[in-house]
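Student: One structure, pasted below without further comment.
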Amino acid sequence: MAAQRGLPQSKESLLQNYNKRLKDDIRSILDNFTEIIKTAKIEDETQVSRATQAEQDHYEMHVRAANIVRAGESLMKLVSDLKQFLILNDFPSVNDAISLQNQQLRSLQDECDKKLTSLRDEIAIDLYELEEEYYSSSYSQWDSTDLPLCEAYRRRDSWASPGSSCSSTQGDREDAEGPPSQEANPQHHLNGHGTSSIEKP
Amino acid sequence: MANERLRALEDVEKEIATVMQCAGNIVLELSKDKHNASLLDRQLIQFQASVNRVENELSGQIRYLTQVATGQPHEGSTYSARKDCQMALNRAEYAKVKLGELGRTCEVMLEQQQQQQT
């Protein structure tokens with residue numbers, strides 16, 4: 001009852017109208033059908049001639065059949081209105097539909113981002129190797145302040161474990177020291193490789 | 001849940017059509033000289049059952065709507081999730097475009113190298 005009192009007048013009157021239409025249409029179908037069946041009964045005694053009575057019965061049946069069809073169409077219209085009302089005002093189902101849609105969209109987004117992240121990791125590995133190859137070749141013109149990825153990783157590893165050797169390819173690198181010494185001695189690569197003599201203090 | 005109720009209403013529409021069909025078959029059978037009594041009985045039972053089903057189902061739906069309808073507009077939306085998903089798809093598409101460019105660049109370089117070797 002509290003839920004019904006909470007409804008605005010328009011919604012309540014609308015639902016009462018739906019109830020009334022339902023009752024009227026069902027009543028119309030049943031009454032008209034019953035009357036058609038009654039009219040189909042053959043009577044021996046009639047007040048008017050048989051032809052007139054037959055004509056009257058025919059017309060009455062025609063009208064009642066049309067009433068049944070009209071009531072049926074009115075019921076279809078009522079069903080359509082109920083569908084519309086349900087879509088707009090059935091909050092539990094609307095909430096369920098929204099949460100389901102949100103869940104599907106979020107899972108799609110997570111899947112997409114997960115695949116992009118794995119792709120990024122794979123490409124970073126390949127990029128590491130490519131940079132190592134490129135910066136050890138004669139084609140590179142790298143600035144010491146702009147460390148390539150492989151060099152940055154190598155330096156990080158060497159700082160982490162100072163006892164280990166700087167690199168396995170000492171002859172291929174220009175220097176094994178910090179960037180300032182690099183700026184002081186900008187040496188060009190010879191024969192496609194780094195200079196074999198590494199300047200040490 | 002919403003789909004079930006809408007599906008139930010579509011079944012009601014089919015029931016209404018069945019009601020009309022049964023009424024027409026009964027009147028058609030009565031118009032004949034010799035009636036098939038069993039057919040008439042079957043059609044009449046089906047007619048009454050369909051009418052009762054239609055009435056009960058629609059009454060139930062109206063009762064349910066009386067309980068859940070608030071009169072307020074629903075303000076829920078899937079916009080934010082949809083936007084986030086759209087942005088993720090855009091990121092994937094962008095990555096695809098960039099990888100395509102990288103692949104084409106590599107192919108061009110390889111072709112140039114092969115031409116130089118030949």
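Ligands are numbered from 1 in the order shown, chains are lettered A, B, ... in the order of the structure tokens, and residues start at 1 in each chain.
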For a quick test of understanding: name the residues of chain A lying within 8 Å of chain B when counting only C-alpha atoms, and present them as an MDAnalysis selection string.
Tutor: chainID A and resid 3:4 6:8 11:12 15 18:19 22:23 26 33 37 40 68:69 72 75:76 79 82:83 86:98 101:102 105:106 108:109 112:113 116
Student: Could you work out how far atom CA of Lys41 of chain A lies from atom CA of Ala71 of chain A, giving the answer in Å with one decimal?
Tutor: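 A separation of 23.9 Å between them.
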Student: Enter the distance from atom CA of Thr18 of chain B to atom CA of Gln84 of chain A, in Å, rounded to one decimal.
Tutor: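 Taking atom CA of Thr18 of chain B and atom CA of Gln84 of chain A, their separation equals 23.0 Å.
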Student: Between atom CA of Leu28 of chain B and atom CA of Thr46 of chain A, what is the distance, to one decimal in Å?
Tutor: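 Between atom CA of Leu28 of chain B and atom CA of Thr46 of chain A the gap is 24.2 Å.
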